[in-house]
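A short write-up of the structure that comes next.
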Amino acid sequence: MTSITLGKFSLKNTCIHRLDPRLKVLGMLMFLVIIFLSYGVTRQNYLMYGFFFVILLILMIISRTSFLQVFKSLKALWFMMLLLLVINALTVKSGEVWFYIYQLDIHYEAILRWGYIVIRLILMIMTTTLLTSTTKPMELTFALEWLLTPLKYIKVPVHIIAMTLSLALRFIPTLAEEADRIMRAQASRGIDFREGKFKEKFKAVISLIIPLFVSSLLRSGELADALEARGYDPLGKRTKYRKHKWNYKTTLGLLIIAIFLTGIILLAVYQFDFIGMIMGLMK
Amino acid sequence: MLGKFTSVNYVYGKEGTALASSALSDINLTIDDHVFLALVGETGSGKSTLVQHLNGLLLPTSGTVQVSHYLLKTEKKKKYYIDLDKEQGKHPKRKQFKVKDLRKFAGLVFQFPEYQLFEETVLKDVMFGPLNFGMEEKKAEAIAKAALKLVGIGESYYSRSPFELSGGEKRRVAIAGIIALEPKVLVLDEPTAGLDPKGEKEMMELFDKIYQSGKSIILVSHNMDLVLKYAHEVCVMNKGKLLKVSSPLEIFQDEEFLSSTAIEPPLVFKTALELKKAGLDLNLDNIKDIPSLAEEIRKAKKND
């Protein structure tokens, strides 16, 4: 149960860990956008994805994030990838035929399109892993709250959302521990969580989920009381324990992100055939 | 012999990493048949970890744990559940037992067991264990009813939801759930924590009754009054090590040993000791609680 990968922050002190969380969240959003853009012909797309991959890899090496984590997340998605491959192979019938399986024709296009999905998935997981392993959950909620500030003007309770979010994140390890305890208790009553037929497994899961649900409801009630007892007012103005100063470095980072993003988007909009141009020049 | 720990070590987390922490180190302990054994020690001394070895929830990182004829050990990161009665089989697989058998042999009641309730009705929840061990529905129901009666939960509760009971009642139902497994050993991890004095007394008397019926009780407790009154043997633990195994009488008398631990002898016992020092001829063996102390004083006065 302790292998929950959500928000797995690893304590290291690299320049990426020290970076302003707001910048990191913005950077992640940028990557998520450009990963899903199209840059013209296929080879150009793959080239761009390769370029993004290298950038992310460099960032991961600088921040000493282990690639193993990315691999683990990918492993969980193997079935989805397989399914997508099958669907693509069955439905995409344009372009040249690559080979036949019995009567079924498999097109280059199908495999290439599947390749897009896989590469985008890998890049996406790399981006999010990079963010969550270099940013503390509290910093993340701070960044989100800051990014959502404009919504305050249309009366969205941003700080309440942020508080809820940070409480939820705070309770993930507690609940994992609780689940572990309940599992042991039920195991003592003859429940086998590892083996057994489907029906037994179903019963095992029920015997875990109901007590977990009950105790988390009780816990949240107690927490609410404890917050109120200490004078918490959801509408009150909150101050921060750790302050993030906006300095010239942050501005510089933001500028780099903006320029990079503009460049990539321009490439995507004009679908500039730079590979063709380079090849033309070489001739 | 009920159980035997032979140089048992237990490490939480992966060995060799920063997260690894040793919970038990070099535990050697023999538990006799039909015991009322108390495990005492500070929080974090490894009592709960030790207790979880008894029903195979945890396996020793090194060393062996034997409970009745079930042997547990880890070798080269592989877990072994060996049935010593089946030793004649050549292939190690043949010697394996199902861990469920051990779970039924040693019934483990966790701290705050009321959190494990989940069924729709009290009766169903108590039946849950026996049914898991493959008992027939009717037999399970009869056993569940008997167990509920034993813990003092009346018939009017059978069809109620366990979630609408009071804390003490929930605790009783949860303990009935383990008693219904009919284990040979009942292992209790601080069963009276958070109960009121009356509930505590009733609960302990119930365990004593179970003990009298021929079963063994292993009790983890911080309450020395209970240890003095009910336990026949005490294991003192500290920082994952087993410091001492002896009778409560001996441990509470050993001032030198007590000063090295955080154990405080019960007030009744301290009073008796002081009275004895002051010249009253008391038989410390008989002192279990306040009435027995009063009785001893009366006897001593008579002899004067």
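Letters A, B, ... go to the chains of the structure tokens in the order shown; residues in each chain start at 1; ligands are counted from 1 in the same order.
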
Mind checking which residues fall within 10 Å of range 252-258 of chain B, counting only C-alpha atoms, ignoring those fewer than 6 positions away in the same chain, and posting them as a PyMOL selection string? chain B and resi 224+228+243-244+264-266+269-270+273+284

Selected residues written out, all heavy atoms, as a JSON list (two decimals), in the first residue's frame:
[["chain", "number", "residue", "atom", "x", "y", "z"],
["B", 224, "MET", "N", -0.41, -1.81, 34.25],
["B", 224, "MET", "CA", 0.27, -2.77, 35.12],
["B", 224, "MET", "C", -0.68, -3.39, 36.14],
["B", 224, "MET", "O", -0.43, -4.49, 36.63],
["B", 224, "MET", "CB", 1.43, -2.09, 35.84],
["B", 224, "MET", "CG", 2.55, -1.70, 34.91],
["B", 224, "MET", "SD", 3.14, -3.09, 33.94],
["B", 224, "MET", "CE", 3.57, -2.27, 32.43],
["B", 228, "LEU", "N", -0.63, -7.32, 36.79],
["B", 228, "LEU", "CA", -0.47, -7.93, 38.12],
["B", 228, "LEU", "C", -1.61, -8.89, 38.41],
["B", 228, "LEU", "O", -1.42, -9.98, 38.93],
["B", 228, "LEU", "CB", -0.41, -6.84, 39.19],
["B", 228, "LEU", "CG", -0.38, -7.35, 40.63],
["B", 228, "LEU", "CD1", 0.95, -8.01, 40.93],
["B", 228, "LEU", "CD2", -0.64, -6.21, 41.61],
["B", 243, "LEU", "N", 13.92, -7.85, 27.27],
["B", 243, "LEU", "CA", 14.79, -7.63, 28.42],
["B", 243, "LEU", "C", 14.67, -8.74, 29.45],
["B", 243, "LEU", "O", 15.65, -9.20, 30.01],
["B", 243, "LEU", "CB", 14.45, -6.29, 29.09],
["B", 243, "LEU", "CG", 14.77, -5.03, 28.30],
["B", 243, "LEU", "CD1", 14.51, -3.81, 29.17],
["B", 243, "LEU", "CD2", 16.20, -5.01, 27.80],
["B", 244, "LYS", "N", 13.44, -9.14, 29.71],
["B", 244, "LYS", "CA", 13.25, -10.07, 30.82],
["B", 244, "LYS", "C", 11.95, -10.84, 30.66],
["B", 244, "LYS", "O", 10.95, -10.28, 30.20],
["B", 244, "LYS", "CB", 13.21, -9.27, 32.13],
["B", 244, "LYS", "CG", 13.44, -10.10, 33.36],
["B", 244, "LYS", "CD", 13.68, -9.21, 34.56],
["B", 244, "LYS", "CE", 13.97, -10.06, 35.76],
["B", 244, "LYS", "NZ", 14.46, -9.31, 36.89],
["B", 264, "GLU", "N", 6.28, 1.18, 35.80],
["B", 264, "GLU", "CA", 5.94, 1.63, 37.14],
["B", 264, "GLU", "C", 5.07, 0.54, 37.74],
["B", 264, "GLU", "O", 4.03, 0.20, 37.19],
["B", 264, "GLU", "CB", 5.17, 2.94, 36.96],
["B", 264, "GLU", "CG", 4.82, 3.69, 38.17],
["B", 264, "GLU", "CD", 5.96, 4.48, 38.81],
["B", 264, "GLU", "OE1", 7.11, 4.49, 38.31],
["B", 264, "GLU", "OE2", 5.67, 5.07, 39.83],
["B", 265, "PRO", "N", 5.47, -0.07, 38.88],
["B", 265, "PRO", "CA", 4.63, -1.13, 39.44],
["B", 265, "PRO", "C", 3.28, -0.56, 39.89],
["B", 265, "PRO", "O", 3.18, 0.61, 40.20],
["B", 265, "PRO", "CB", 5.43, -1.64, 40.64],
["B", 265, "PRO", "CG", 6.51, -0.67, 40.87],
["B", 265, "PRO", "CD", 6.69, 0.14, 39.66],
["B", 266, "PRO", "N", 2.25, -1.41, 39.92],
["B", 266, "PRO", "CA", 0.93, -0.90, 40.31],
["B", 266, "PRO", "C", 0.94, -0.38, 41.74],
["B", 266, "PRO", "O", 1.72, -0.83, 42.57],
["B", 266, "PRO", "CB", 0.03, -2.12, 40.20],
["B", 266, "PRO", "CG", 0.85, -3.25, 39.74],
["B", 266, "PRO", "CD", 2.24, -2.82, 39.55],
["B", 269, "PHE", "N", 0.62, -2.85, 44.55],
["B", 269, "PHE", "CA", 1.83, -3.61, 44.82],
["B", 269, "PHE", "C", 2.84, -2.77, 45.58],
["B", 269, "PHE", "O", 3.49, -3.24, 46.51],
["B", 269, "PHE", "CB", 2.41, -4.12, 43.51],
["B", 269, "PHE", "CG", 3.36, -5.26, 43.70],
["B", 269, "PHE", "CD1", 2.88, -6.55, 43.86],
["B", 269, "PHE", "CD2", 4.73, -5.04, 43.76],
["B", 269, "PHE", "CE1", 3.74, -7.60, 44.05],
["B", 269, "PHE", "CE2", 5.60, -6.09, 43.95],
["B", 269, "PHE", "CZ", 5.11, -7.38, 44.11],
["B", 270, "LYS", "N", 2.95, -1.50, 45.18],
["B", 270, "LYS", "CA", 3.88, -0.59, 45.86],
["B", 270, "LYS", "C", 3.48, -0.45, 47.33],
["B", 270, "LYS", "O", 4.33, -0.49, 48.22],
["B", 270, "LYS", "CB", 3.82, 0.78, 45.20],
["B", 270, "LYS", "CG", 4.86, 0.99, 44.13],
["B", 270, "LYS", "CD", 5.04, 2.49, 43.96],
["B", 270, "LYS", "CE", 5.28, 2.90, 42.56],
["B", 270, "LYS", "NZ", 5.04, 4.30, 42.31],
["B", 273, "LEU", "N", 4.45, -3.50, 49.20],
["B", 273, "LEU", "CA", 5.89, -3.54, 49.43],
["B", 273, "LEU", "C", 6.27, -2.65, 50.60],
["B", 273, "LEU", "O", 7.07, -3.04, 51.47],
["B", 273, "LEU", "CB", 6.63, -3.07, 48.17],
["B", 273, "LEU", "CG", 7.04, -4.12, 47.14],
["B", 273, "LEU", "CD1", 7.80, -3.46, 46.01],
["B", 273, "LEU", "CD2", 7.88, -5.23, 47.76],
["B", 284, "LEU", "N", 3.31, -11.67, 49.41],
["B", 284, "LEU", "CA", 3.15, -10.89, 48.17],
["B", 284, "LEU", "C", 2.53, -11.71, 47.05],
["B", 284, "LEU", "O", 1.91, -11.17, 46.15],
["B", 284, "LEU", "CB", 4.51, -10.34, 47.73],
["B", 284, "LEU", "CG", 5.10, -9.26, 48.62],
["B", 284, "LEU", "CD1", 6.49, -8.90, 48.16],
["B", 284, "LEU", "CD2", 4.22, -8.02, 48.65]]

Hey, list the chain A side of the contact with chain B: 12 Å cut-off, only C-alpha atoms, answer as a ChimeraX atom specification. /A:2-3,178-193,195-196,199-201,203-216,218

Give the alpha helix (DSSP H) residues of range 19-254 of chain B, as assigned by DSSP on the backbone, as a PyMOL selection string. chain B and resi 47-53+99-105+122-132+137-150+167-179+197-212+224-230+248-253

Using DSSP assignments from the backbone, pull out every residue in range 2-137 of chain A that falls under strand (DSSP E or B) and give it to me as a list in words. Val97, Trp98, Phe99, Tyr100, Ile101, Leu104, Asp105, Ile106 and His107 of chain A

Would you output that residue set with N, CA, C and O atoms, as a short mmCIF file (atom, residue, chain, number, x, y, z; two decimals), in the first residue's frame?
data_model
loop_
_atom_site.label_atom_id
_atom_site.label_comp_id
_atom_site.auth_asym_id
_atom_site.auth_seq_id
_atom_site.Cartn_x
_atom_site.Cartn_y
_atom_site.Cartn_z
N VAL A 97 0.17 -0.13 -47.52
CA VAL A 97 0.07 -1.31 -46.65
C VAL A 97 1.47 -1.74 -46.27
O VAL A 97 2.39 -1.75 -47.11
N TRP A 98 1.65 -2.03 -45.00
CA TRP A 98 2.98 -2.44 -44.53
C TRP A 98 3.13 -3.95 -44.67
O TRP A 98 4.00 -4.45 -45.33
N PHE A 99 2.24 -4.68 -44.01
CA PHE A 99 2.26 -6.15 -44.12
C PHE A 99 0.87 -6.70 -43.82
O PHE A 99 -0.04 -5.97 -43.43
N TYR A 100 0.72 -7.99 -44.05
CA TYR A 100 -0.56 -8.65 -43.82
C TYR A 100 -0.45 -9.65 -42.70
O TYR A 100 0.56 -10.35 -42.57
N ILE A 101 -1.48 -9.70 -41.85
CA ILE A 101 -1.61 -10.83 -40.93
C ILE A 101 -2.82 -11.59 -41.43
O ILE A 101 -3.94 -11.10 -41.34
N LEU A 104 -5.73 -9.67 -42.90
CA LEU A 104 -5.81 -8.32 -42.36
C LEU A 104 -4.62 -7.47 -42.84
O LEU A 104 -3.47 -7.87 -42.69
N ASP A 105 -4.96 -6.31 -43.40
CA ASP A 105 -3.88 -5.44 -43.85
C ASP A 105 -3.51 -4.42 -42.79
O ASP A 105 -4.37 -3.74 -42.23
N ILE A 106 -2.22 -4.35 -42.49
CA ILE A 106 -1.73 -3.40 -41.50
C ILE A 106 -1.01 -2.28 -42.25
O ILE A 106 -0.11 -2.54 -43.05
N HIS A 107 -1.46 -1.05 -41.98
CA HIS A 107 -0.88 0.08 -42.70
C HIS A 107 0.20 0.75 -41.88
O HIS A 107 0.16 0.74 -40.66
#

With only C-alpha atoms as the counted atoms, please give the residues lying no more than 9 Å from range 186-197 of chain B, apart from itself and same-chain residues fewer than 2 positions off, as a ChimeraX atom specification. /B:47-48,51,54-55,105-113,167-168,171,175,178-179,182-184,199-204,207,210-211,215-223

For the selection you just gave me, I'd like the residues written to a file as a CSV table (one decimal), in the first residue's frame, keeping N, CA and C atoms.
chain,number,residue,atom,x,y,z
B,47,LYS,N,6.4,-4.5,20.7
B,47,LYS,CA,5.4,-5.4,21.1
B,47,LYS,C,4.4,-5.8,20.0
B,48,SER,N,3.9,-4.8,19.3
B,48,SER,CA,2.9,-5.1,18.3
B,48,SER,C,3.5,-5.9,17.1
B,51,VAL,N,3.9,-9.5,18.2
B,51,VAL,CA,2.6,-10.2,18.2
B,51,VAL,C,2.1,-10.6,16.8
B,54,LEU,N,3.0,-14.0,15.4
B,54,LEU,CA,2.3,-15.2,16.0
B,54,LEU,C,1.3,-15.8,15.0
B,55,ASN,N,0.7,-14.9,14.2
B,55,ASN,CA,-0.3,-15.5,13.3
B,55,ASN,C,0.1,-15.3,11.8
B,105,PHE,N,-5.5,-20.7,14.2
B,105,PHE,CA,-4.9,-21.2,15.4
B,105,PHE,C,-4.7,-20.1,16.4
B,106,ALA,N,-4.1,-19.0,15.9
B,106,ALA,CA,-3.8,-17.8,16.8
B,106,ALA,C,-4.7,-16.7,16.4
B,107,GLY,N,-5.7,-16.4,17.2
B,107,GLY,CA,-6.6,-15.3,16.8
B,107,GLY,C,-6.0,-14.0,17.3
B,108,LEU,N,-5.9,-13.0,16.4
B,108,LEU,CA,-5.2,-11.8,16.8
B,108,LEU,C,-6.2,-10.6,16.8
B,109,VAL,N,-6.3,-10.0,17.9
B,109,VAL,CA,-7.2,-8.8,18.1
B,109,VAL,C,-6.3,-7.6,18.1
B,110,PHE,N,-6.5,-6.7,17.0
B,110,PHE,CA,-5.7,-5.5,16.9
B,110,PHE,C,-6.1,-4.5,17.9
B,111,GLN,N,-5.2,-3.5,18.0
B,111,GLN,CA,-5.6,-2.3,18.8
B,111,GLN,C,-6.8,-1.6,18.1
B,112,PHE,N,-7.7,-1.1,18.9
B,112,PHE,CA,-8.9,-0.5,18.4
B,112,PHE,C,-9.5,-1.4,17.3
B,113,PRO,N,-9.9,-2.6,17.6
B,113,PRO,CA,-10.5,-3.5,16.6
B,113,PRO,C,-11.8,-3.0,16.1
B,167,GLY,N,-18.9,3.0,21.4
B,167,GLY,CA,-17.5,2.6,21.3
B,167,GLY,C,-17.2,1.2,21.9
B,168,GLY,N,-17.7,1.1,23.2
B,168,GLY,CA,-17.4,-0.1,24.0
B,168,GLY,C,-18.1,-1.3,23.4
B,171,ARG,N,-16.3,-2.5,20.3
B,171,ARG,CA,-15.1,-3.2,20.7
B,171,ARG,C,-15.5,-4.7,21.0
B,175,ILE,N,-14.2,-8.1,19.1
B,175,ILE,CA,-13.5,-9.1,19.8
B,175,ILE,C,-14.3,-10.5,19.7
B,178,ILE,N,-13.3,-12.3,16.7
B,178,ILE,CA,-12.1,-13.1,16.7
B,178,ILE,C,-12.4,-14.4,17.6
B,179,ILE,N,-13.1,-14.2,18.7
B,179,ILE,CA,-13.4,-15.4,19.5
B,179,ILE,C,-14.2,-16.5,18.7
B,182,GLU,N,-12.7,-19.5,17.2
B,182,GLU,CA,-12.3,-20.5,18.1
B,182,GLU,C,-10.8,-20.8,18.1
B,183,PRO,N,-10.0,-19.7,18.3
B,183,PRO,CA,-8.5,-20.0,18.2
B,183,PRO,C,-8.1,-20.7,19.5
B,184,LYS,N,-6.9,-21.3,19.4
B,184,LYS,CA,-6.3,-21.9,20.6
B,184,LYS,C,-5.6,-20.9,21.4
B,199,GLY,N,-16.0,-1.3,31.9
B,199,GLY,CA,-15.8,-2.1,30.6
B,199,GLY,C,-14.5,-2.9,30.7
B,200,GLU,N,-13.5,-2.2,31.2
B,200,GLU,CA,-12.2,-2.8,31.3
B,200,GLU,C,-12.2,-4.0,32.1
B,201,LYS,N,-12.9,-3.9,33.3
B,201,LYS,CA,-12.9,-5.0,34.2
B,201,LYS,C,-13.7,-6.2,33.6
B,202,GLU,N,-14.8,-5.9,33.0
B,202,GLU,CA,-15.6,-7.0,32.3
B,202,GLU,C,-14.8,-7.7,31.2
B,203,MET,N,-14.1,-6.8,30.4
B,203,MET,CA,-13.4,-7.4,29.3
B,203,MET,C,-12.3,-8.3,29.9
B,204,MET,N,-11.6,-7.9,30.9
B,204,MET,CA,-10.5,-8.7,31.4
B,204,MET,C,-11.0,-10.0,32.1
B,207,PHE,N,-11.5,-12.4,29.4
B,207,PHE,CA,-10.3,-13.1,28.9
B,207,PHE,C,-9.9,-14.1,29.9
B,210,ILE,N,-11.9,-17.2,29.3
B,210,ILE,CA,-11.4,-17.9,28.2
B,210,ILE,C,-10.1,-18.7,28.5
B,211,TYR,N,-9.3,-18.0,29.3
B,211,TYR,CA,-8.0,-18.7,29.8
B,211,TYR,C,-8.4,-19.9,30.6
B,215,LYS,N,-7.7,-22.2,27.1
B,215,LYS,CA,-6.9,-21.5,26.0
B,215,LYS,C,-5.8,-20.7,26.5
B,216,SER,N,-5.0,-20.2,25.6
B,216,SER,CA,-3.9,-19.4,26.0
B,216,SER,C,-4.2,-17.9,25.7
B,217,ILE,N,-3.7,-17.0,26.5
B,217,ILE,CA,-4.0,-15.6,26.2
B,217,ILE,C,-2.6,-14.9,26.2
B,218,ILE,N,-2.4,-14.1,25.1
B,218,ILE,CA,-1.2,-13.3,25.1
B,218,ILE,C,-1.7,-11.8,25.0
B,219,LEU,N,-1.3,-11.0,26.0
B,219,LEU,CA,-1.9,-9.7,26.2
B,219,LEU,C,-0.8,-8.7,26.1
B,220,VAL,N,-1.0,-7.7,25.2
B,220,VAL,CA,-0.1,-6.5,25.2
B,220,VAL,C,-0.8,-5.4,26.0
B,221,SER,N,-0.1,-4.9,27.0
B,221,SER,CA,-0.8,-3.9,27.8
B,221,SER,C,0.2,-2.9,28.4
B,222,HIS,N,-0.3,-1.7,28.6
B,222,HIS,CA,0.4,-0.7,29.4
B,222,HIS,C,-0.1,-0.6,30.8
B,223,ASN,N,-1.2,-1.3,31.1
B,223,ASN,CA,-1.8,-1.2,32.4
B,223,ASN,C,-1.3,-2.2,33.3

Ile160 in chain A surroundings by only C-alpha atoms, 12 Å radius, close-in-sequence under 4 positions cut, as a PyMOL selection string: chain A and resi 141-142+144-145+148-149+152+155-156+164-167+232-238

Hey, what's within 10 Å of Asp281 in chain B if we count only C-alpha atoms and toss same-chain stuff fewer than 6 positions away? As a PDB file with N, CA and C atoms, in the first residue's frame, please?
ATOM      1  N   ALA B 272       1.829  -2.584  49.122  1.00  0.00           N
ATOM      2  CA  ALA B 272       2.130  -3.838  49.805  1.00  0.00           C
ATOM      3  C   ALA B 272       3.608  -3.918  50.152  1.00  0.00           C
ATOM      4  N   LEU B 275       4.340  -1.670  53.032  1.00  0.00           N
ATOM      5  CA  LEU B 275       3.811  -2.259  54.266  1.00  0.00           C
ATOM      6  C   LEU B 275       4.743  -3.355  54.775  1.00  0.00           C
ATOM      7  N   GLU B 296      -4.998  -9.801  52.882  1.00  0.00           N
ATOM      8  CA  GLU B 296      -3.659 -10.140  53.369  1.00  0.00           C
ATOM      9  C   GLU B 296      -3.327  -9.360  54.634  1.00  0.00           C
ATOM     10  N   ILE B 297      -3.735  -8.068  54.643  1.00  0.00           N
ATOM     11  CA  ILE B 297      -3.465  -7.234  55.824  1.00  0.00           C
ATOM     12  C   ILE B 297      -4.208  -7.806  57.027  1.00  0.00           C
ATOM     13  N   LYS B 299      -5.103 -10.867  57.510  1.00  0.00           N
ATOM     14  CA  LYS B 299      -4.443 -12.096  57.940  1.00  0.00           C
ATOM     15  C   LYS B 299      -3.197 -11.783  58.750  1.00  0.00           C
ATOM     16  N   ALA B 300      -2.414 -10.831  58.267  1.00  0.00           N
ATOM     17  CA  ALA B 300      -1.168 -10.477  58.940  1.00  0.00           C
ATOM     18  C   ALA B 300      -1.448  -9.938  60.334  1.00  0.00           C
ATOM     19  N   LYS B 301      -2.510  -9.148  60.423  1.00  0.00           N
ATOM     20  CA  LYS B 301      -2.886  -8.567  61.725  1.00  0.00           C
ATOM     21  C   LYS B 301      -3.264  -9.670  62.712  1.00  0.00           C
ATOM     22  N   ASN B 303      -2.240 -12.712  62.747  1.00  0.00           N
ATOM     23  CA  ASN B 303      -1.065 -13.471  63.182  1.00  0.00           C
ATOM     24  C   ASN B 303      -0.239 -12.729  64.211  1.00  0.00           C
ATOM     25  N   ASP B 304      -0.396 -11.401  64.269  1.00  0.00           N
ATOM     26  CA  ASP B 304       0.430 -10.596  65.164  1.00  0.00           C
ATOM     27  C   ASP B 304       0.267 -10.967  66.629  1.00  0.00           C
TER      28      ASP B 304
END

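For the set B:Lys239, B:Lys149, B:Arg160, B:Lys76, the residue with the smallest atom-to-atom gap to Ser22 in chain B is B:Lys239, counting only C-alpha atoms.
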
Which one of A:Ile58, A:Ala110, A:Val25, A:Ile122 sits closest to Asn88 in chain A if you count only C-alpha atoms? A:Ala110

Exercise: range 114-119 of chain A partners within 10 Å, only C-alpha atoms, chain neighbours under 6 positions left out, as a ChimeraX atom specification: /A:35-36,42,45-46,49-50,53,74,81-82,84-89,125

Atom pair CA of Lys139 in chain B / CA of Ser159 in chain B: separation (Å):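 Going from CA of Lys139 in chain B over to CA of Ser159 in chain B covers 17.8 Å.
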
For range 136-140 of chain A, list every protein, DNA or RNA residue within 12 Å, evaluated using only C-alpha atoms, and leave out those in the same chain fewer than 4 positions away; present the list as an NGL selection string. :A and (6-12 or 16-26 or 28 or 128 or 130-132 or 144-147 or 162-172 or 240-244)

CA of Val67 in chain B and CA of Met1 in chain B, how far apart in Å? 8.4 Å

Measuring atom to atom with only C-alpha atoms, identify which of A:Ile161, A:Met124, A:Val92, A:Leu37 is nearest to Ile111 in chain A.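 Smallest separation from Ile111 in chain A among the options: A:Val92.
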
Compare B:Ser21, B:Thr6, B:Ser166, B:Ser45 by their minimum atom-to-atom distance to Leu71 in chain B, counting only C-alpha atoms, and give me the closest one.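 Distance minimum relative to Leu71 in chain B lands on B:Thr6.
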
Could you check the closest approach to Gly276 in chain A for each of A:Pro173, A:Gly40, A:Pro150, A:Gly263 and tell me which residue wins, using only C-alpha atoms? A:Gly40
